[in-house]
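A.B. asks: My structure file structure-v1.pdb, PDB, C-alpha atoms and all ligand atoms, is below:
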ATOM      1  CA  MET H   1      55.966 -42.688 -79.071  1.00  0.00           C
ATOM      2  CA  LYS H   2      59.622 -41.905 -79.612  1.00  0.00           C
ATOM      3  CA  ILE H   3      61.333 -39.948 -76.812  1.00  0.00           C
ATOM      4  CA  ASP H   4      64.904 -38.648 -76.916  1.00  0.00           C
ATOM      5  CA  ALA H   5      66.737 -36.774 -74.168  1.00  0.00           C
ATOM      6  CA  ILE H   6      69.948 -34.796 -74.629  1.00  0.00           C
ATOM      7  CA  SER H   7      71.972 -34.218 -71.469  1.00  0.00           C
ATOM      8  CA  ILE H   8      75.488 -34.295 -70.017  1.00  0.00           C
ATOM      9  CA  PHE H   9      74.170 -36.796 -67.427  1.00  0.00           C
ATOM     10  CA  PRO H  10      72.290 -39.450 -69.419  1.00  0.00           C
ATOM     11  CA  GLU H  11      72.432 -41.766 -66.339  1.00  0.00           C
ATOM     12  CA  PHE H  12      69.636 -39.675 -64.801  1.00  0.00           C
ATOM     13  CA  PHE H  13      67.267 -41.382 -67.238  1.00  0.00           C
ATOM     14  CA  ASP H  14      68.055 -44.933 -66.064  1.00  0.00           C
ATOM     15  CA  VAL H  15      65.014 -44.702 -63.756  1.00  0.00           C
ATOM     16  CA  LEU H  16      62.772 -44.899 -66.820  1.00  0.00           C
ATOM     17  CA  GLU H  17      63.608 -48.612 -66.961  1.00  0.00           C
ATOM     18  CA  ILE H  18      61.733 -49.199 -63.688  1.00  0.00           C
ATOM     19  CA  SER H  19      58.119 -50.374 -63.383  1.00  0.00           C
ATOM     20  CA  LEU H  20      55.421 -49.394 -65.880  1.00  0.00           C
ATOM     21  CA  LEU H  21      57.604 -47.197 -68.099  1.00  0.00           C
ATOM     22  CA  GLY H  22      60.171 -49.986 -68.287  1.00  0.00           C
ATOM     23  CA  LYS H  23      57.431 -52.390 -69.386  1.00  0.00           C
ATOM     24  CA  ALA H  24      56.147 -49.840 -71.911  1.00  0.00           C
ATOM     25  CA  GLN H  25      59.650 -49.720 -73.411  1.00  0.00           C
ATOM     26  CA  GLU H  26      59.901 -53.505 -73.513  1.00  0.00           C
ATOM     27  CA  SER H  27      56.537 -53.800 -75.250  1.00  0.00           C
ATOM     28  CA  GLY H  28      57.459 -51.102 -77.781  1.00  0.00           C
ATOM     29  CA  LEU H  29      54.780 -48.570 -76.744  1.00  0.00           C
ATOM     30  CA  ILE H  30      57.609 -46.152 -76.005  1.00  0.00           C
ATOM     31  CA  SER H  31      61.057 -46.025 -77.523  1.00  0.00           C
ATOM     32  CA  PHE H  32      63.412 -43.980 -75.331  1.00  0.00           C
ATOM     33  CA  GLU H  33      67.019 -42.950 -75.919  1.00  0.00           C
ATOM     34  CA  ALA H  34      69.296 -40.700 -73.834  1.00  0.00           C
ATOM     35  CA  HIS H  35      72.132 -38.949 -75.698  1.00  0.00           C
ATOM     36  CA  ASN H  36      75.278 -37.633 -74.023  1.00  0.00           C
ATOM     37  CA  LEU H  37      75.870 -34.051 -75.160  1.00  0.00           C
ATOM     38  CA  ARG H  38      79.613 -34.509 -74.616  1.00  0.00           C
ATOM     39  CA  ASN H  39      79.669 -37.015 -77.483  1.00  0.00           C
ATOM     40  CA  PHE H  40      79.015 -34.055 -79.793  1.00  0.00           C
ATOM     41  CA  THR H  41      82.151 -32.133 -78.766  1.00  0.00           C
ATOM     42  CA  HIS H  42      85.537 -32.339 -80.514  1.00  0.00           C
ATOM     43  CA  ASP H  43      88.075 -31.098 -77.974  1.00  0.00           C
ATOM     44  CA  ARG H  44      90.109 -33.156 -75.519  1.00  0.00           C
ATOM     45  CA  HIS H  45      88.088 -31.950 -72.520  1.00  0.00           C
ATOM     46  CA  LYS H  46      84.688 -32.456 -74.182  1.00  0.00           C
ATOM     47  CA  THR H  47      83.772 -28.866 -73.320  1.00  0.00           C
ATOM     48  CA  VAL H  48      80.076 -27.962 -73.325  1.00  0.00           C
ATOM     49  CA  ASP H  49      80.145 -24.594 -71.507  1.00  0.00           C
ATOM     50  CA  ASP H  50      81.677 -21.129 -71.757  1.00  0.00           C
ATOM     51  CA  THR H  51      81.437 -17.681 -70.118  1.00  0.00           C
ATOM     52  CA  PRO H  52      78.433 -15.471 -70.931  1.00  0.00           C
ATOM     53  CA  TYR H  53      78.739 -12.428 -73.225  1.00  0.00           C
ATOM     54  CA  GLY H  54      77.941  -9.237 -71.336  1.00  0.00           C
ATOM     55  CA  GLY H  55      79.235 -10.689 -68.081  1.00  0.00           C
ATOM     56  CA  GLY H  56      77.349 -12.341 -65.260  1.00  0.00           C
ATOM     57  CA  ALA H  57      77.863 -15.230 -62.883  1.00  0.00           C
ATOM     58  CA  GLY H  58      78.480 -18.800 -63.942  1.00  0.00           C
ATOM     59  CA  MET H  59      78.803 -20.580 -67.245  1.00  0.00           C
ATOM     60  CA  LEU H  60      76.443 -21.103 -70.161  1.00  0.00           C
ATOM     61  CA  MET H  61      76.087 -24.103 -72.452  1.00  0.00           C
ATOM     62  CA  LYS H  62      77.693 -23.334 -75.803  1.00  0.00           C
ATOM     63  CA  PRO H  63      75.721 -23.841 -79.011  1.00  0.00           C
ATOM     64  CA  GLU H  64      77.919 -26.086 -81.198  1.00  0.00           C
ATOM     65  CA  PRO H  65      77.442 -29.432 -79.360  1.00  0.00           C
ATOM     66  CA  TRP H  66      73.697 -28.800 -79.219  1.00  0.00           C
ATOM     67  CA  GLY H  67      73.613 -28.146 -82.969  1.00  0.00           C
ATOM     68  CA  GLU H  68      75.351 -31.446 -83.699  1.00  0.00           C
ATOM     69  CA  ALA H  69      73.135 -33.332 -81.241  1.00  0.00           C
ATOM     70  CA  PHE H  70      70.032 -31.887 -82.927  1.00  0.00           C
ATOM     71  CA  ASP H  71      71.398 -32.856 -86.358  1.00  0.00           C
ATOM     72  CA  GLN H  72      71.436 -36.461 -85.166  1.00  0.00           C
ATOM     73  CA  VAL H  73      68.266 -36.565 -83.050  1.00  0.00           C
ATOM     74  CA  ILE H  74      65.851 -34.263 -84.908  1.00  0.00           C
ATOM     75  CA  GLY H  75      64.782 -35.965 -88.095  1.00  0.00           C
ATOM     76  CA  LYS H  76      62.554 -34.695 -90.863  1.00  0.00           C
ATOM     77  CA  ASP H  77      59.531 -35.435 -88.647  1.00  0.00           C
ATOM     78  CA  ARG H  78      59.460 -31.981 -86.958  1.00  0.00           C
ATOM     79  CA  PRO H  79      59.333 -33.357 -83.392  1.00  0.00           C
ATOM     80  CA  VAL H  80      58.400 -31.386 -80.295  1.00  0.00           C
ATOM     81  CA  VAL H  81      61.592 -30.137 -78.619  1.00  0.00           C
ATOM     82  CA  ILE H  82      61.155 -29.367 -74.926  1.00  0.00           C
ATOM     83  CA  PHE H  83      63.748 -27.186 -73.214  1.00  0.00           C
ATOM     84  CA  THR H  84      63.514 -27.778 -69.464  1.00  0.00           C
ATOM     85  CA  SER H  85      63.896 -24.437 -67.703  1.00  0.00           C
ATOM     86  CA  PRO H  86      62.699 -22.650 -64.577  1.00  0.00           C
ATOM     87  CA  ALA H  87      61.978 -19.781 -67.003  1.00  0.00           C
ATOM     88  CA  GLY H  88      59.571 -21.917 -69.065  1.00  0.00           C
ATOM     89  CA  LYS H  89      55.778 -22.048 -69.065  1.00  0.00           C
ATOM     90  CA  PRO H  90      54.293 -24.211 -66.292  1.00  0.00           C
ATOM     91  CA  PHE H  91      53.870 -27.936 -66.882  1.00  0.00           C
ATOM     92  CA  ASN H  92      50.440 -29.310 -65.980  1.00  0.00           C
ATOM     93  CA  GLN H  93      48.095 -32.200 -66.720  1.00  0.00           C
ATOM     94  CA  GLU H  94      46.588 -30.442 -69.755  1.00  0.00           C
ATOM     95  CA  LEU H  95      50.018 -29.996 -71.348  1.00  0.00           C
ATOM     96  CA  ALA H  96      50.910 -33.613 -70.462  1.00  0.00           C
ATOM     97  CA  ARG H  97      47.750 -34.739 -72.263  1.00  0.00           C
ATOM     98  CA  GLU H  98      48.525 -32.629 -75.335  1.00  0.00           C
ATOM     99  CA  LEU H  99      52.088 -33.953 -75.537  1.00  0.00           C
ATOM    100  CA  SER H 100      50.928 -37.569 -75.054  1.00  0.00           C
ATOM    101  CA  HIS H 101      49.355 -37.395 -78.530  1.00  0.00           C
ATOM    102  CA  ARG H 102      52.631 -36.506 -80.271  1.00  0.00           C
ATOM    103  CA  GLU H 103      54.804 -39.022 -82.137  1.00  0.00           C
ATOM    104  CA  HIS H 104      58.244 -37.745 -81.156  1.00  0.00           C
ATOM    105  CA  LEU H 105      59.450 -35.701 -78.179  1.00  0.00           C
ATOM    106  CA  VAL H 106      63.011 -34.455 -77.643  1.00  0.00           C
ATOM    107  CA  PHE H 107      63.988 -33.210 -74.161  1.00  0.00           C
ATOM    108  CA  ALA H 108      66.904 -30.765 -74.142  1.00  0.00           C
ATOM    109  CA  CYS H 109      68.248 -30.627 -70.594  1.00  0.00           C
ATOM    110  CA  GLY H 110      70.296 -27.588 -69.639  1.00  0.00           C
ATOM    111  CA  ARG H 111      72.826 -27.358 -66.801  1.00  0.00           C
ATOM    112  CA  TYR H 112      74.891 -24.476 -65.413  1.00  0.00           C
ATOM    113  CA  GLU H 113      73.187 -21.077 -65.895  1.00  0.00           C
ATOM    114  CA  GLY H 114      71.335 -22.303 -68.980  1.00  0.00           C
ATOM    115  CA  ILE H 115      71.851 -22.643 -72.741  1.00  0.00           C
ATOM    116  CA  ASP H 116      72.847 -20.029 -75.340  1.00  0.00           C
ATOM    117  CA  GLN H 117      69.500 -18.616 -76.574  1.00  0.00           C
ATOM    118  CA  ARG H 118      70.426 -19.314 -80.209  1.00  0.00           C
ATOM    119  CA  VAL H 119      70.084 -23.051 -79.491  1.00  0.00           C
ATOM    120  CA  VAL H 120      66.396 -22.492 -78.682  1.00  0.00           C
ATOM    121  CA  ASP H 121      65.962 -20.187 -81.680  1.00  0.00           C
ATOM    122  CA  TYR H 122      67.661 -22.678 -84.012  1.00  0.00           C
ATOM    123  CA  ALA H 123      65.530 -25.578 -82.716  1.00  0.00           C
ATOM    124  CA  GLY H 124      62.472 -23.487 -83.611  1.00  0.00           C
ATOM    125  CA  THR H 125      63.466 -23.647 -87.284  1.00  0.00           C
ATOM    126  CA  VAL H 126      63.466 -27.483 -87.392  1.00  0.00           C
ATOM    127  CA  ALA H 127      60.962 -28.440 -84.664  1.00  0.00           C
ATOM    128  CA  GLU H 128      58.071 -27.231 -82.520  1.00  0.00           C
ATOM    129  CA  VAL H 129      59.724 -25.736 -79.434  1.00  0.00           C
ATOM    130  CA  HIS H 130      58.395 -25.425 -75.875  1.00  0.00           C
ATOM    131  CA  GLU H 131      60.299 -24.072 -72.873  1.00  0.00           C
ATOM    132  CA  ILE H 132      58.731 -25.779 -69.860  1.00  0.00           C
ATOM    133  CA  SER H 133      59.156 -25.514 -66.082  1.00  0.00           C
ATOM    134  CA  ILE H 134      57.911 -28.135 -63.616  1.00  0.00           C
ATOM    135  CA  GLY H 135      57.452 -25.606 -60.815  1.00  0.00           C
ATOM    136  CA  ASP H 136      58.542 -22.358 -59.223  1.00  0.00           C
ATOM    137  CA  TYR H 137      61.844 -23.555 -57.818  1.00  0.00           C
ATOM    138  CA  VAL H 138      65.309 -24.078 -59.311  1.00  0.00           C
ATOM    139  CA  LEU H 139      66.879 -27.508 -59.833  1.00  0.00           C
ATOM    140  CA  ASN H 140      70.548 -28.071 -60.635  1.00  0.00           C
ATOM    141  CA  GLY H 141      69.636 -29.147 -64.145  1.00  0.00           C
ATOM    142  CA  GLY H 142      66.762 -30.192 -66.357  1.00  0.00           C
ATOM    143  CA  GLU H 143      67.147 -33.980 -66.062  1.00  0.00           C
ATOM    144  CA  VAL H 144      64.888 -34.499 -63.035  1.00  0.00           C
ATOM    145  CA  ALA H 145      62.320 -32.171 -64.615  1.00  0.00           C
ATOM    146  CA  ALA H 146      62.460 -34.156 -67.876  1.00  0.00           C
ATOM    147  CA  VAL H 147      62.014 -37.483 -66.043  1.00  0.00           C
ATOM    148  CA  ALA H 148      58.954 -36.069 -64.228  1.00  0.00           C
ATOM    149  CA  MET H 149      57.446 -34.828 -67.478  1.00  0.00           C
ATOM    150  CA  ILE H 150      58.190 -38.075 -69.340  1.00  0.00           C
ATOM    151  CA  GLU H 151      56.421 -40.082 -66.631  1.00  0.00           C
ATOM    152  CA  ALA H 152      53.390 -37.757 -66.597  1.00  0.00           C
ATOM    153  CA  ILE H 153      53.129 -37.842 -70.406  1.00  0.00           C
ATOM    154  CA  ALA H 154      53.891 -41.527 -71.043  1.00  0.00           C
ATOM    155  CA  ARG H 155      51.342 -42.864 -68.523  1.00  0.00           C
ATOM    156  CA  LEU H 156      48.597 -41.191 -70.615  1.00  0.00           C
ATOM    157  CA  ILE H 157      49.491 -43.264 -73.692  1.00  0.00           C
ATOM    158  CA  PRO H 158      46.870 -46.015 -74.042  1.00  0.00           C
ATOM    159  CA  GLY H 159      48.262 -49.334 -72.764  1.00  0.00           C
ATOM    160  CA  VAL H 160      51.046 -47.887 -70.587  1.00  0.00           C
ATOM    161  CA  ILE H 161      49.127 -48.194 -67.331  1.00  0.00           C
ATOM    162  CA  GLY H 162      46.913 -51.246 -66.989  1.00  0.00           C
ATOM    163  CA  ASN H 163      43.697 -49.696 -65.689  1.00  0.00           C
ATOM    164  CA  ASN H 164      42.352 -46.824 -67.800  1.00  0.00           C
ATOM    165  CA  GLU H 165      39.679 -45.994 -65.215  1.00  0.00           C
ATOM    166  CA  SER H 166      42.357 -44.881 -62.773  1.00  0.00           C
ATOM    167  CA  LEU H 167      43.244 -42.121 -65.254  1.00  0.00           C
ATOM    168  CA  ALA H 168      39.658 -40.851 -65.268  1.00  0.00           C
ATOM    169  CA  GLU H 169      39.400 -40.622 -61.485  1.00  0.00           C
ATOM    170  CA  GLU H 170      42.713 -39.047 -60.518  1.00  0.00           C
ATOM    171  CA  SER H 171      43.649 -35.523 -59.444  1.00  0.00           C
ATOM    172  CA  HIS H 172      43.709 -32.720 -62.047  1.00  0.00           C
ATOM    173  CA  ASN H 173      41.389 -34.615 -64.337  1.00  0.00           C
ATOM    174  CA  GLU H 174      38.529 -32.104 -64.186  1.00  0.00           C
ATOM    175  CA  GLY H 175      40.552 -29.302 -62.687  1.00  0.00           C
ATOM    176  CA  LEU H 176      39.985 -30.596 -59.135  1.00  0.00           C
ATOM    177  CA  LEU H 177      42.015 -32.675 -56.698  1.00  0.00           C
ATOM    178  CA  GLU H 178      40.999 -36.257 -56.071  1.00  0.00           C
ATOM    179  CA  ALA H 179      38.917 -37.158 -52.989  1.00  0.00           C
ATOM    180  CA  PRO H 180      40.731 -39.041 -50.176  1.00  0.00           C
ATOM    181  CA  SER H 181      40.589 -42.830 -50.505  1.00  0.00           C
ATOM    182  CA  TYR H 182      40.706 -45.795 -48.116  1.00  0.00           C
ATOM    183  CA  THR H 183      41.412 -49.539 -48.169  1.00  0.00           C
ATOM    184  CA  LYS H 184      41.265 -52.393 -45.623  1.00  0.00           C
ATOM    185  CA  PRO H 185      41.268 -52.733 -42.665  1.00  0.00           C
ATOM    186  CA  GLN H 186      38.046 -50.871 -41.862  1.00  0.00           C
ATOM    187  CA  SER H 187      39.451 -49.811 -38.478  1.00  0.00           C
ATOM    188  CA  TRP H 188      43.145 -48.965 -37.993  1.00  0.00           C
ATOM    189  CA  ARG H 189      44.773 -47.481 -34.884  1.00  0.00           C
ATOM    190  CA  GLY H 190      41.408 -46.121 -33.828  1.00  0.00           C
ATOM    191  CA  LEU H 191      40.807 -44.457 -37.195  1.00  0.00           C
ATOM    192  CA  GLU H 192      37.721 -45.526 -39.166  1.00  0.00           C
ATOM    193  CA  VAL H 193      36.925 -45.614 -42.873  1.00  0.00           C
ATOM    194  CA  PRO H 194      34.131 -43.034 -43.503  1.00  0.00           C
ATOM    195  CA  GLU H 195      30.721 -44.707 -43.084  1.00  0.00           C
ATOM    196  CA  MET H 196      29.528 -43.470 -46.490  1.00  0.00           C
ATOM    197  CA  LEU H 197      32.086 -45.612 -48.340  1.00  0.00           C
ATOM    198  CA  LEU H 198      30.713 -48.762 -46.674  1.00  0.00           C
ATOM    199  CA  SER H 199      27.093 -47.976 -47.563  1.00  0.00           C
ATOM    200  CA  GLY H 200      27.034 -49.528 -51.039  1.00  0.00           C
ATOM    201  CA  HIS H 201      24.979 -46.552 -52.392  1.00  0.00           C
ATOM    202  CA  HIS H 202      26.986 -45.738 -55.481  1.00  0.00           C
ATOM    203  CA  ALA H 203      25.193 -42.496 -56.371  1.00  0.00           C
ATOM    204  CA  GLU H 204      25.551 -41.211 -52.801  1.00  0.00           C
ATOM    205  CA  ILE H 205      29.221 -42.234 -52.717  1.00  0.00           C
ATOM    206  CA  GLU H 206      29.803 -40.283 -55.936  1.00  0.00           C
ATOM    207  CA  LYS H 207      28.165 -37.190 -54.384  1.00  0.00           C
ATOM    208  CA  TRP H 208      30.296 -37.596 -51.231  1.00  0.00           C
ATOM    209  CA  ARG H 209      33.463 -37.902 -53.298  1.00  0.00           C
ATOM    210  CA  LYS H 210      32.603 -34.785 -55.309  1.00  0.00           C
ATOM    211  CA  ALA H 211      32.096 -32.800 -52.081  1.00  0.00           C
ATOM    212  CA  GLN H 212      35.378 -34.131 -50.630  1.00  0.00           C
ATOM    213  CA  SER H 213      37.153 -33.315 -53.852  1.00  0.00           C
ATOM    214  CA  LEU H 214      35.861 -29.715 -53.740  1.00  0.00           C
ATOM    215  CA  GLU H 215      36.788 -29.340 -50.059  1.00  0.00           C
ATOM    216  CA  ARG H 216      40.318 -30.670 -50.602  1.00  0.00           C
ATOM    217  CA  THR H 217      40.804 -28.372 -53.583  1.00  0.00           C
ATOM    218  CA  LYS H 218      39.560 -25.397 -51.497  1.00  0.00           C
ATOM    219  CA  GLN H 219      42.068 -26.287 -48.741  1.00  0.00           C
ATOM    220  CA  ASN H 220      45.153 -27.221 -50.780  1.00  0.00           C
ATOM    221  CA  ARG H 221      44.751 -25.468 -54.133  1.00  0.00           C
ATOM    222  CA  PRO H 222      42.254 -22.560 -53.987  1.00  0.00           C
ATOM    223  CA  ASP H 223      43.909 -21.220 -57.171  1.00  0.00           C
ATOM    224  CA  LEU H 224      42.388 -24.138 -59.111  1.00  0.00           C
ATOM    225  CA  LEU H 225      38.857 -23.041 -58.120  1.00  0.00           C
ATOM    226  CA  ASP H 226      39.468 -19.508 -59.416  1.00  0.00           C
ATOM    227  CA  LYS H 227      39.876 -21.043 -62.880  1.00  0.00           C
TER     228      LYS H 227
HETATM  229  N1  LIG Y 301      65.772 -26.704 -64.559  1.00  0.00           N
HETATM  230  C1  LIG Y 301      66.061 -26.118 -63.376  1.00  0.00           C
HETATM  231  N2  LIG Y 301      64.971 -25.863 -62.677  1.00  0.00           N
HETATM  232  C2  LIG Y 301      63.909 -26.308 -63.443  1.00  0.00           C
HETATM  233  C3  LIG Y 301      62.509 -26.306 -63.260  1.00  0.00           C
HETATM  234  N3  LIG Y 301      61.920 -25.823 -62.176  1.00  0.00           N
HETATM  235  N4  LIG Y 301      61.750 -26.822 -64.254  1.00  0.00           N
HETATM  236  C4  LIG Y 301      62.327 -27.293 -65.374  1.00  0.00           C
HETATM  237  N5  LIG Y 301      63.642 -27.313 -65.591  1.00  0.00           N
HETATM  238  C5  LIG Y 301      64.433 -26.820 -64.638  1.00  0.00           C
END
Here is a file; write its structure as structure tokens.

C.D. replies:
Amino acid sequence: MKIDAISIFPEFFDVLEISLLGKAQESGLISFEAHNLRNFTHDRHKTVDDTPYGGGAGMLMKPEPWGEAFDQVIGKDRPVVIFTSPAGKPFNQELARELSHREHLVFACGRYEGIDQRVVDYAGTVAEVHEISIGDYVLNGGEVAAVAMIEAIARLIPGVIGNNESLAEESHNEGLLEAPSYTKPQSWRGLEVPEMLLSGHHAEIEKWRKAQSLERTKQNRPDLLDK
């Protein structure tokens, strides 16, 4: 999978060199490149923002640098362009799975009060566009959101994480949260591993885990059960 990110702070993406995603880049499963939006400006100050038409607080990202960045990054392959925005549709495991099957993703990371809407509209003429939010809170920019999405998407690509079974058993896989889990020692600071997990009865353990998974979902995410 090819992943590009366009941002005025490309250093935010250095973390993708760590651990499993770093290995996935080394082995060629993922090819990642961060592009500095300021490299697509032509004035002395490398200006990427301006005041909004109609008034309002703060500055908006101006369209021209974005257009030139897209000209370089968006090829003839009609990639998926993801605009990170608190005004986007919610990111979740299902969307991560869908995006993990695509050949080329481009993350467009806004700063300030956002990006001129024509940038999104233009991208829609040369790519498949999604505006995506990682949650109901506001970050200072889209970079952290893009890193979170890239990690969630890339780990679903076969070969990126070593053990495929861990993907099948984790939270959000069947719309439920994962059951609590335990490792050695059996007794720690007076707290015991649940007896059931020591029993060796695999079918019973599965039933116990299902019940725990339902209970945890009821407690922490009742909204998931409504679905
Ligand atoms: N940029 C700022 N806040 C964001 C959020 N919650 N999700 C995605 N991008 C953002």

A.B. asks: Mind telling me what the PyMOL selection byres (((not hetatm)) within 6 of (chain Y and resi 301)) catches here, as number ranges by chain?

C.D. replies: H: 84-86, 132-142, 145

A.B. asks: Just how far from atom CA of H:Met59 is atom CA of H:His42, in Å to one decimal?

C.D. replies: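 Interatomic distance, atom CA of H:His42 to atom CA of H:Met59: 19.0 Å.
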
A.B. asks: For this structure, which residues satisfy the selection - the PyMOL selection byres (((chain H and resi 225-227) around 9) and not hetatm) - when it is evaluated on the file as given? I want them as a VMD selection string.

C.D. replies: chain H and resid 175 to 176 214 217 to 218 221 to 224

A.B. asks: One decimal, Å: what's the distance from atom CA of H:Asp116 over to atom CA of H:Leu60, could you say?

C.D. replies: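 A separation of 6.4 Å between them.
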
A.B. asks: So how far away is atom CA of H:Ala96 from atom CA of H:Ala24, in Å?

C.D. replies: 17.1 Å

A.B. asks: Which protein, DNA or RNA residues are at most 12 Å from (44.7, -43.5, -51.5) in the file's coordinates when you count only C-alpha atoms, listed as a VMD selection string?

C.D. replies: chain H and resid 166 169 to 171 178 to 184 193

A.B. asks: Determine the nearest neighbour of H:Ala5 from the options H:Lys89, H:Arg78, H:Lys23, H:His104, counting all atoms listed in the file.

C.D. replies: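 Residue with the minimum atom-to-atom distance to H:Ala5: H:His104.
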
A.B. asks: Which polymer residues, whether protein, DNA or RNA, lie within 9 Å of the coordinate (73.7, -25.5, -72.1) when you count only C-alpha atoms? List them as a list of chain:residue names, using the chain letters and numbers from the file.

C.D. replies: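 I get H:Ser7, H:Val48, H:Asp49, H:Met59, H:Leu60, H:Met61, H:Lys62, H:Pro63, H:Trp66, H:Ala108, H:Cys109, H:Gly110, H:Arg111, H:Tyr112, H:Glu113, H:Gly114, H:Ile115, H:Asp116, H:Val119 for the residues within 9 Å of that point.
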
A.B. asks: Which residue is closest to H:Pro185? Choose from H:Leu16, H:Val147, H:Leu198, H:Gln117 and count only C-alpha atoms.

C.D. replies: H:Leu198

A.B. asks: For H:Val120, which residue among H:Leu37, H:Val81, H:Ile153, H:Ala146 is the nearest when counting only C-alpha atoms?

C.D. replies: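 Of the candidates, the smallest distance to H:Val120 is held by H:Val81.
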
A.B. asks: Quick one: of H:Val160, H:Ala168, H:Ile150, H:Leu95, who's nearest to H:Gly28, counting only C-alpha atoms?

C.D. replies: H:Val160

A.B. asks: List as a PyMOL selection string the protein and nucleic acid residues near H:Leu105, meaning an atom at most 12 Å away when only C-alpha atoms are counted, but skip any in the same chain fewer than 4 places from it.

C.D. replies: chain H and resi 1-6+30-34+73-75+77-83+96+98-101+127-130+146+149-150+153-154

A.B. asks: For H:Gly162, please output as a PyMOL selection string all residues within 12 Å (counting only C-alpha atoms; exclusion window: fewer than 5 positions along the same chain).

C.D. replies: chain H and resi 19-21+23-24+155-157+167

A.B. asks: For stretch 107-124 of chain H, take all atoms listed in the file, fit an axis-aligned box around them, add 5 Å to each of the six sides, then output centre and edge lengths in Å rounded to one decimal, as JSON.

C.D. replies:
{"center_x": 68.7, "center_y": -25.9, "center_z": -74.7, "size_x": 22.4, "size_y": 24.6, "size_z": 28.6}

A.B. asks: Which residue, H:Leu197, H:Pro65, H:Arg189, H:Glu131, has the smallest gap to H:Lys46 when you use all atoms listed in the file?

C.D. replies: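 Among the listed residues, H:Pro65 lies closest to H:Lys46.
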
A.B. asks: Reconstruct N, CA and C atoms of stretch 113-130 of chain H; output as a PDB file, in the coordinates of the input.

C.D. replies:
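Output below, filename rebuild.pdb:
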ATOM      1  N   GLU H 113      74.147 -22.193 -65.937  1.00  0.00           N
ATOM      2  CA  GLU H 113      73.187 -21.077 -65.895  1.00  0.00           C
ATOM      3  C   GLU H 113      72.221 -21.119 -67.080  1.00  0.00           C
ATOM      4  N   GLY H 114      72.260 -22.196 -67.858  1.00  0.00           N
ATOM      5  CA  GLY H 114      71.335 -22.303 -68.980  1.00  0.00           C
ATOM      6  C   GLY H 114      72.065 -22.526 -70.294  1.00  0.00           C
ATOM      7  N   ILE H 115      71.325 -22.354 -71.397  1.00  0.00           N
ATOM      8  CA  ILE H 115      71.851 -22.643 -72.741  1.00  0.00           C
ATOM      9  C   ILE H 115      71.828 -21.352 -73.554  1.00  0.00           C
ATOM     10  N   ASP H 116      72.825 -21.157 -74.395  1.00  0.00           N
ATOM     11  CA  ASP H 116      72.847 -20.029 -75.340  1.00  0.00           C
ATOM     12  C   ASP H 116      71.490 -19.960 -76.050  1.00  0.00           C
ATOM     13  N   GLN H 117      70.867 -18.774 -76.044  1.00  0.00           N
ATOM     14  CA  GLN H 117      69.500 -18.616 -76.574  1.00  0.00           C
ATOM     15  C   GLN H 117      69.387 -19.038 -78.038  1.00  0.00           C
ATOM     16  N   ARG H 118      70.507 -18.952 -78.782  1.00  0.00           N
ATOM     17  CA  ARG H 118      70.426 -19.314 -80.209  1.00  0.00           C
ATOM     18  C   ARG H 118      70.119 -20.791 -80.412  1.00  0.00           C
ATOM     19  N   VAL H 119      70.411 -21.616 -79.396  1.00  0.00           N
ATOM     20  CA  VAL H 119      70.084 -23.051 -79.491  1.00  0.00           C
ATOM     21  C   VAL H 119      68.561 -23.217 -79.548  1.00  0.00           C
ATOM     22  N   VAL H 120      67.863 -22.453 -78.704  1.00  0.00           N
ATOM     23  CA  VAL H 120      66.396 -22.492 -78.682  1.00  0.00           C
ATOM     24  C   VAL H 120      65.856 -21.940 -80.003  1.00  0.00           C
ATOM     25  N   ASP H 121      66.426 -20.817 -80.439  1.00  0.00           N
ATOM     26  CA  ASP H 121      65.962 -20.187 -81.680  1.00  0.00           C
ATOM     27  C   ASP H 121      66.198 -21.108 -82.882  1.00  0.00           C
ATOM     28  N   TYR H 122      67.369 -21.764 -82.907  1.00  0.00           N
ATOM     29  CA  TYR H 122      67.661 -22.678 -84.012  1.00  0.00           C
ATOM     30  C   TYR H 122      66.676 -23.859 -83.997  1.00  0.00           C
ATOM     31  N   ALA H 123      66.443 -24.425 -82.815  1.00  0.00           N
ATOM     32  CA  ALA H 123      65.530 -25.578 -82.716  1.00  0.00           C
ATOM     33  C   ALA H 123      64.158 -25.222 -83.281  1.00  0.00           C
ATOM     34  N   GLY H 124      63.763 -23.953 -83.099  1.00  0.00           N
ATOM     35  CA  GLY H 124      62.472 -23.487 -83.611  1.00  0.00           C
ATOM     36  C   GLY H 124      62.371 -23.509 -85.123  1.00  0.00           C
ATOM     37  N   THR H 125      63.504 -23.599 -85.814  1.00  0.00           N
ATOM     38  CA  THR H 125      63.466 -23.647 -87.284  1.00  0.00           C
ATOM     39  C   THR H 125      63.300 -25.080 -87.802  1.00  0.00           C
ATOM     40  N   VAL H 126      63.543 -26.080 -86.931  1.00  0.00           N
ATOM     41  CA  VAL H 126      63.466 -27.483 -87.392  1.00  0.00           C
ATOM     42  C   VAL H 126      62.481 -28.312 -86.569  1.00  0.00           C
ATOM     43  N   ALA H 127      61.855 -27.697 -85.554  1.00  0.00           N
ATOM     44  CA  ALA H 127      60.962 -28.440 -84.664  1.00  0.00           C
ATOM     45  C   ALA H 127      59.966 -27.483 -84.024  1.00  0.00           C
ATOM     46  N   GLU H 128      58.982 -28.054 -83.326  1.00  0.00           N
ATOM     47  CA  GLU H 128      58.071 -27.231 -82.520  1.00  0.00           C
ATOM     48  C   GLU H 128      58.688 -27.123 -81.127  1.00  0.00           C
ATOM     49  N   VAL H 129      58.975 -25.914 -80.681  1.00  0.00           N
ATOM     50  CA  VAL H 129      59.724 -25.736 -79.434  1.00  0.00           C
ATOM     51  C   VAL H 129      58.832 -25.280 -78.284  1.00  0.00           C
ATOM     52  N   HIS H 130      59.020 -25.905 -77.114  1.00  0.00           N
ATOM     53  CA  HIS H 130      58.395 -25.425 -75.875  1.00  0.00           C
ATOM     54  C   HIS H 130      59.482 -25.290 -74.822  1.00  0.00           C
TER      55      HIS H 130
END
